[in-house]
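Colleague: structure33.tsv is the file, holding TSV, C-alpha atoms and all ligand atoms:
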chain	number	residue	atom	x	y	z
A	1	MET	CA	65.30	110.91	91.84
A	2	SER	CA	68.84	109.84	92.65
A	3	HIS	CA	70.41	110.45	96.05
A	4	THR	CA	73.40	112.64	96.93
A	5	ILE	CA	75.40	110.38	99.28
A	6	LYS	CA	79.15	110.46	98.52
A	7	GLY	CA	80.63	109.24	101.81
A	8	ILE	CA	79.90	106.58	104.38
A	9	ILE	CA	80.84	106.85	108.04
A	10	PHE	CA	81.05	103.60	109.98
A	11	ASP	CA	80.79	103.10	113.71
A	12	LEU	CA	83.34	100.48	114.84
A	13	ASP	CA	82.07	98.29	117.68
A	14	GLY	CA	78.89	96.49	116.61
A	15	VAL	CA	79.17	97.47	112.93
A	16	LEU	CA	82.63	96.52	111.61
A	17	VAL	CA	83.83	94.38	114.55
A	18	ASP	CA	82.33	92.79	117.64
A	19	THR	CA	84.47	94.20	120.42
A	20	ALA	CA	81.48	94.30	122.80
A	21	LYS	CA	82.39	90.76	123.89
A	22	TYR	CA	85.85	91.90	125.00
A	23	HIS	CA	84.43	95.00	126.71
A	24	PHE	CA	82.05	92.64	128.52
A	25	GLN	CA	84.82	90.32	129.73
A	26	ALA	CA	86.94	93.23	130.92
A	27	TRP	CA	84.06	95.06	132.66
A	28	SER	CA	82.77	91.88	134.33
A	29	GLN	CA	86.24	91.10	135.68
A	30	LEU	CA	86.32	94.59	137.13
A	31	GLY	CA	82.82	94.03	138.60
A	32	GLU	CA	84.00	90.78	140.19
A	33	SER	CA	86.99	92.51	141.75
A	34	LEU	CA	84.55	95.06	143.23
A	35	GLY	CA	82.35	92.25	144.56
A	36	PHE	CA	79.38	92.06	142.18
A	37	THR	CA	78.22	90.27	139.05
A	38	PHE	CA	77.79	92.10	135.75
A	39	THR	CA	75.48	90.32	133.28
A	40	LEU	CA	75.38	90.17	129.48
A	41	GLU	CA	72.06	92.01	129.66
A	42	ASP	CA	73.73	94.82	131.63
A	43	ASN	CA	76.41	94.95	128.92
A	44	GLU	CA	73.83	96.08	126.33
A	45	ARG	CA	73.68	99.40	128.17
A	46	LEU	CA	77.38	100.03	127.50
A	47	LYS	CA	77.25	99.80	123.71
A	48	GLY	CA	78.35	103.03	122.05
A	49	VAL	CA	78.82	104.68	125.46
A	50	SER	CA	82.18	106.27	126.48
A	51	ARG	CA	84.58	104.57	128.89
A	52	LEU	CA	83.77	106.84	131.84
A	53	ALA	CA	80.02	106.64	131.22
A	54	SER	CA	80.37	102.83	131.02
A	55	LEU	CA	82.12	102.78	134.40
A	56	GLU	CA	79.40	104.96	135.94
A	57	ILE	CA	76.73	102.51	134.66
A	58	LEU	CA	78.71	99.54	136.01
A	59	LEU	CA	79.12	101.17	139.43
A	60	SER	CA	75.42	102.04	139.62
A	61	ILE	CA	74.54	98.41	138.87
A	62	GLY	CA	76.90	97.20	141.63
A	63	LYS	CA	75.83	100.04	143.95
A	64	VAL	CA	79.48	100.88	144.50
A	65	ASN	CA	80.82	104.37	145.23
A	66	LEU	CA	84.34	105.29	144.13
A	67	SER	CA	86.37	108.49	144.43
A	68	ASP	CA	87.57	110.17	141.22
A	69	GLU	CA	91.04	108.74	141.84
A	70	GLU	CA	89.64	105.22	142.29
A	71	LYS	CA	87.52	105.60	139.13
A	72	LYS	CA	90.63	106.53	137.18
A	73	SER	CA	92.53	103.46	138.33
A	74	ALA	CA	89.47	101.21	137.77
A	75	MET	CA	89.29	102.44	134.15
A	76	GLU	CA	93.03	101.89	133.70
A	77	LYS	CA	92.70	98.35	135.04
A	78	LYS	CA	89.75	97.58	132.75
A	79	ASN	CA	91.45	99.12	129.72
A	80	LYS	CA	94.72	97.21	130.27
A	81	ASN	CA	92.77	93.98	130.32
A	82	TYR	CA	90.72	95.01	127.25
A	83	VAL	CA	93.84	96.06	125.29
A	84	ASN	CA	95.39	92.64	126.02
A	85	MET	CA	92.35	91.03	124.41
A	86	ILE	CA	92.10	93.25	121.33
A	87	SER	CA	95.84	92.88	120.74
A	88	GLN	CA	95.07	89.28	119.75
A	89	MET	CA	92.54	90.34	117.09
A	90	THR	CA	93.08	89.34	113.43
A	91	PRO	CA	91.18	90.02	110.16
A	92	GLU	CA	88.87	87.19	111.24
A	93	GLY	CA	87.47	89.59	113.83
A	94	ILE	CA	85.83	91.66	111.07
A	95	LEU	CA	82.06	91.09	111.12
A	96	PRO	CA	80.53	89.14	108.20
A	97	GLY	CA	79.69	91.31	105.18
A	98	ALA	CA	81.77	94.32	106.27
A	99	LEU	CA	84.79	93.67	104.08
A	100	ASP	CA	82.68	93.00	100.97
A	101	LEU	CA	80.89	96.31	101.45
A	102	LEU	CA	84.15	98.23	102.06
A	103	LEU	CA	85.68	96.70	98.93
A	104	GLU	CA	82.64	97.63	96.85
A	105	LEU	CA	82.74	101.22	98.16
A	106	LYS	CA	86.44	101.52	97.30
A	107	ASP	CA	85.74	100.13	93.84
A	108	LYS	CA	82.89	102.59	93.23
A	109	GLY	CA	84.78	105.62	94.59
A	110	VAL	CA	82.53	106.18	97.61
A	111	LYS	CA	84.56	107.73	100.45
A	112	THR	CA	84.70	105.97	103.81
A	113	ALA	CA	85.45	107.07	107.38
A	114	LEU	CA	85.38	105.70	110.89
A	115	GLY	CA	83.27	107.50	113.52
A	116	SER	CA	83.83	105.68	116.81
A	117	ALA	CA	83.78	106.56	120.51
A	118	SER	CA	86.67	104.20	121.20
A	119	LYS	CA	90.13	105.47	122.13
A	120	ASN	CA	91.41	102.02	121.17
A	121	ALA	CA	90.16	102.25	117.56
A	122	PRO	CA	93.67	102.63	116.00
A	123	LEU	CA	94.84	99.33	117.52
A	124	ILE	CA	91.67	97.50	116.39
A	125	LEU	CA	91.98	98.93	112.85
A	126	GLU	CA	95.63	97.88	112.68
A	127	LYS	CA	95.10	94.34	114.01
A	128	THR	CA	92.12	93.62	111.71
A	129	GLY	CA	93.59	95.34	108.64
A	130	LEU	CA	90.50	97.59	108.42
A	131	ALA	CA	92.75	100.68	108.35
A	132	ASP	CA	93.45	99.94	104.65
A	133	TYR	CA	89.80	100.50	103.71
A	134	LEU	CA	89.13	103.82	105.45
A	135	ASP	CA	89.89	107.27	104.03
A	136	ALA	CA	89.55	108.98	107.43
A	137	VAL	CA	89.50	107.95	111.08
A	138	VAL	CA	87.74	109.87	113.86
A	139	ASP	CA	87.77	108.17	117.26
A	140	GLY	CA	87.57	108.89	120.99
A	141	ASN	CA	91.04	110.43	120.94
A	142	ARG	CA	89.80	113.30	118.76
A	143	THR	CA	86.41	113.99	120.31
A	144	SER	CA	85.39	115.63	123.55
A	145	ARG	CA	81.62	115.16	123.37
A	146	ALA	CA	80.02	111.70	123.41
A	147	LYS	CA	77.25	110.49	121.06
A	148	PRO	CA	74.37	111.61	120.77
A	149	ASP	CA	76.43	114.77	120.26
A	150	PRO	CA	77.16	114.99	116.50
A	151	GLU	CA	80.85	115.98	116.97
A	152	VAL	CA	82.37	112.64	115.88
A	153	PHE	CA	80.37	112.49	112.63
A	154	LEU	CA	80.81	116.18	111.78
A	155	LEU	CA	84.59	115.77	112.14
A	156	ALA	CA	84.49	112.70	109.89
A	157	ALA	CA	82.54	114.62	107.21
A	158	GLU	CA	85.09	117.43	107.45
A	159	ASP	CA	87.95	114.93	107.02
A	160	LEU	CA	86.23	113.57	103.90
A	161	SER	CA	85.67	117.14	102.64
A	162	LEU	CA	81.94	116.46	102.32
A	163	PRO	CA	78.96	118.41	103.66
A	164	PRO	CA	76.97	116.42	106.29
A	165	GLU	CA	74.01	115.91	103.94
A	166	GLU	CA	76.26	113.93	101.58
A	167	CYS	CA	77.23	111.47	104.34
A	168	LEU	CA	75.49	108.30	105.47
A	169	VAL	CA	76.18	106.79	108.91
A	170	PHE	CA	76.14	103.09	109.86
A	171	GLU	CA	75.44	102.63	113.59
A	172	ASP	CA	74.40	99.88	116.01
A	173	ALA	CA	73.59	102.11	119.00
A	174	GLU	CA	70.58	104.33	119.60
A	175	ALA	CA	72.81	107.20	120.76
A	176	GLY	CA	74.80	106.80	117.53
A	177	ILE	CA	71.72	107.07	115.30
A	178	GLU	CA	70.70	110.14	117.29
A	179	ALA	CA	74.20	111.64	116.88
A	180	ALA	CA	74.06	111.15	113.10
A	181	ARG	CA	70.58	112.67	112.91
A	182	ASN	CA	71.83	115.61	114.97
A	183	ALA	CA	74.62	116.00	112.40
A	184	GLY	CA	72.02	116.18	109.62
A	185	MET	CA	73.00	112.82	108.13
A	186	LYS	CA	70.99	109.86	106.88
A	187	THR	CA	71.38	106.63	108.84
A	188	VAL	CA	71.58	102.88	108.47
A	189	GLY	CA	70.83	101.00	111.70
A	190	ILE	CA	72.56	97.65	112.23
A	191	GLY	CA	70.52	95.71	114.77
A	192	HIS	CA	66.93	95.67	116.01
A	193	ARG	CA	64.00	97.99	115.39
A	194	ASP	CA	63.39	98.24	119.17
A	195	GLN	CA	66.54	100.33	119.63
A	196	LEU	CA	67.08	101.66	116.10
A	197	GLY	CA	63.56	102.55	114.96
A	198	LYS	CA	64.65	106.06	114.00
A	199	ALA	CA	67.17	104.87	111.39
A	200	ASP	CA	66.31	105.56	107.72
A	201	LEU	CA	67.30	102.00	106.73
A	202	LEU	CA	67.62	98.99	109.02
A	203	TYR	CA	69.47	95.67	108.64
A	204	PRO	CA	70.17	92.97	111.23
A	205	ASP	CA	73.85	92.81	110.13
A	206	LEU	CA	76.02	93.62	107.09
A	207	ILE	CA	75.61	90.25	105.37
A	208	GLY	CA	74.49	90.91	101.78
A	209	VAL	CA	74.28	94.68	102.34
A	210	THR	CA	75.67	96.20	99.15
A	211	TRP	CA	76.15	99.79	97.99
A	212	SER	CA	73.92	99.11	94.97
A	213	ARG	CA	71.11	97.94	97.25
A	214	ILE	CA	71.50	100.89	99.63
A	215	SER	CA	71.69	103.36	96.71
A	216	GLU	CA	68.38	102.10	95.36
A	217	LYS	CA	66.69	102.42	98.76
A	218	LEU	CA	68.11	105.91	99.33
A	219	SER	CA	66.87	107.06	95.95
A	220	ALA	CA	63.43	105.73	96.80
A	221	LEU	CA	63.55	107.72	100.07
A	222	GLY	CA	64.20	110.82	97.97
A	223	GLY	CA	67.85	111.72	98.65
B	301	LIG	P1	87.24	102.59	124.69
B	301	LIG	P2	81.90	102.44	119.12
B	301	LIG	C1	82.40	102.18	121.75
B	301	LIG	O1	82.74	101.90	120.41
B	301	LIG	C2	81.90	100.91	122.42
B	301	LIG	O2	80.67	100.49	121.84
B	301	LIG	C3	81.66	101.19	123.89
B	301	LIG	O3	81.22	100.02	124.55
B	301	LIG	C4	82.99	101.69	124.52
B	301	LIG	O4	82.79	102.00	125.89
B	301	LIG	C5	83.45	102.94	123.75
B	301	LIG	O5	83.60	102.62	122.38
B	301	LIG	C6	84.77	103.48	124.28
B	301	LIG	O6	85.77	102.52	124.06
B	301	LIG	O7	87.16	102.21	126.13
B	301	LIG	O8	88.00	101.58	123.84
B	301	LIG	O9	87.76	103.98	124.48
B	301	LIG	O10	80.63	101.64	119.09
B	301	LIG	O11	81.66	103.93	119.28
B	301	LIG	O12	82.84	102.10	117.99
B	302	MG	MG	78.80	100.78	118.18
Can the structure in the file be given as structure tokens, please?
Ligand code: B16
Ligand code: MG
Modeller:
Amino acid sequence: MSHTIKGIIFDLDGVLVDTAKYHFQAWSQLGESLGFTFTLEDNERLKGVSRLASLEILLSIGKVNLSDEEKKSAMEKKNKNYVNMISQMTPEGILPGALDLLLELKDKGVKTALGSASKNAPLILEKTGLADYLDAVVDGNRTSRAKPDPEVFLLAAEDLSLPPEECLVFEDAEAGIEAARNAGMKTVGIGHRDQLGKADLLYPDLIGVTWSRISEKLSALGG
């Protein structure tokens, strides 16, 4: 039996680009200014999580209490620093394998969309040139509910004029896989089984991941 997937929705950070390293630098500088150290291990907890939720996690690690006003300025400070870093991005910042897959999808007429929590997605897409390969973009500027809520992926499906069951989501975060499942979509996890065990297909990264290969696997899964 052949499958019915006609559109692919990509998460941004951790799937198409590695911006987690810039988030880490910017959050750890904020941690330092508040008097504590933020580790790379702590940073794992921020992947796929919104900016405010990331700050709350950071503050709980440092055992720091801030007023709402102070939280707002802390987020502005972190974001200014982060934006400075991503402004230097180039097409070389695209993760290995991503461009080949996007080119193949374009060639085969499979629709593509972005489904990211980041409010900075437009700048990243522009600097890396990824904007040219996406038919629709849904990011943190258009959503009000964070993953695992399905909002971001449902909006992307709507933009592609496809029903959710005809969309496949690529995600690196557990909350993202959950969000896609909540949207009624099939999923490809990019990362480790420990976090992404619920994904329908799983790959460590996008190297060598082709639409032909995925199509075959999806057909074997039965749609
Ligand atoms: P911003 P994704 C997420 O991107 C990041 O993984 C997460 O670490 C970040 O806090 C979130 O975007 C919001 O980003 O501060 O730029 O609005 O994985 O959903 O593409
Ligand atoms: Mg991600």
Colleague: Extract, using all atoms listed in the file, all DNA, RNA and protein residues at most 10 Å from His3 (chain A), discarding same-chain residues fewer than 3 positions from it, and format them as a list of chain:residue names.
Modeller: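 So the residues in contact are A:Lys6, A:Glu166, A:Ser215, A:Glu216, A:Lys217, A:Leu218, A:Ser219, A:Ala220, A:Leu221, A:Gly222, A:Gly223.
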Colleague: Can you pull out every residue with an atom within 10 Å of ligand LIG 301 (chain B)? Use all atoms listed in the file and format it as number ranges by chain.
Modeller: A: 10-24, 27, 43-55, 75-76, 78-80, 82-83, 86, 114-124, 139-141, 146-147, 152, 171-173, 175-176
Colleague: With distances taken over all atoms listed in the file, which residue among A:Val64, A:Ile207, A:Leu201, A:Leu196 lies nearest ligand MG 302 (chain B)?
Modeller: A:Leu196
Colleague: Between A:Ala180, A:Glu174, A:Pro91, A:Pro163, which residue has the minimum interatomic distance to ligand MG 302 (chain B), considering only C-alpha atoms and all ligand atoms?
Modeller: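 Among the listed residues, A:Glu174 lies closest to ligand MG 302 (chain B).
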Colleague: Could you check the closest approach to ligand MG 302 (chain B) for each of A:Phe170, A:Gly129, A:Thr39, A:Arg181 and tell me which residue wins, using all atoms listed in the file?
Modeller: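 Closest to ligand MG 302 (chain B) of all the choices is A:Phe170.
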Colleague: Would you pick out the contacts of Gly208 (chain A) at 12 Å or less, using all atoms listed in the file, so that residues sharing its chain but fewer than 5 positions from it are not included, and give the list as a list in words?
Modeller: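 Residues meeting the cut-off are Pro96, Gly97, Ala98, Leu99, Asp100, Leu101, Glu104, Tyr203, Arg213 and Ile214 of chain A.
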Colleague: Find the axis-aligned box for region 89-103 of chain A, covering all its listed atoms and adding 5 Å on each side, and write its centre and edge lengths in Å to one decimal as lines of an AutoDock Vina configuration file.
Modeller:
center_x = 86.4
center_y = 92.7
center_z = 108.0
size_x = 23.4
size_y = 21.0
size_z = 28.2
Colleague: Residues around (88.9, 90.0, 112.3), cut-off 7 Å, counting all atoms listed in the file - what are they as a list in words?
Modeller: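 The residues that fall inside the cut-off are Met89, Thr90, Pro91, Glu92, Gly93, Ile94 and Thr128 of chain A.
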Colleague: Output C-alpha atoms of each residue in that selection to a file, as a PDB file, keeping the file's coordinate frame.
Modeller:
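Result written to out.pdb:
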ATOM      1  CA  MET A  89      92.540  90.340 117.090  1.00  0.00           C
ATOM      2  CA  THR A  90      93.080  89.340 113.430  1.00  0.00           C
ATOM      3  CA  PRO A  91      91.180  90.020 110.160  1.00  0.00           C
ATOM      4  CA  GLU A  92      88.870  87.190 111.240  1.00  0.00           C
ATOM      5  CA  GLY A  93      87.470  89.590 113.830  1.00  0.00           C
ATOM      6  CA  ILE A  94      85.830  91.660 111.070  1.00  0.00           C
ATOM      7  CA  THR A 128      92.120  93.620 111.710  1.00  0.00           C
TER       8      THR A 128
END
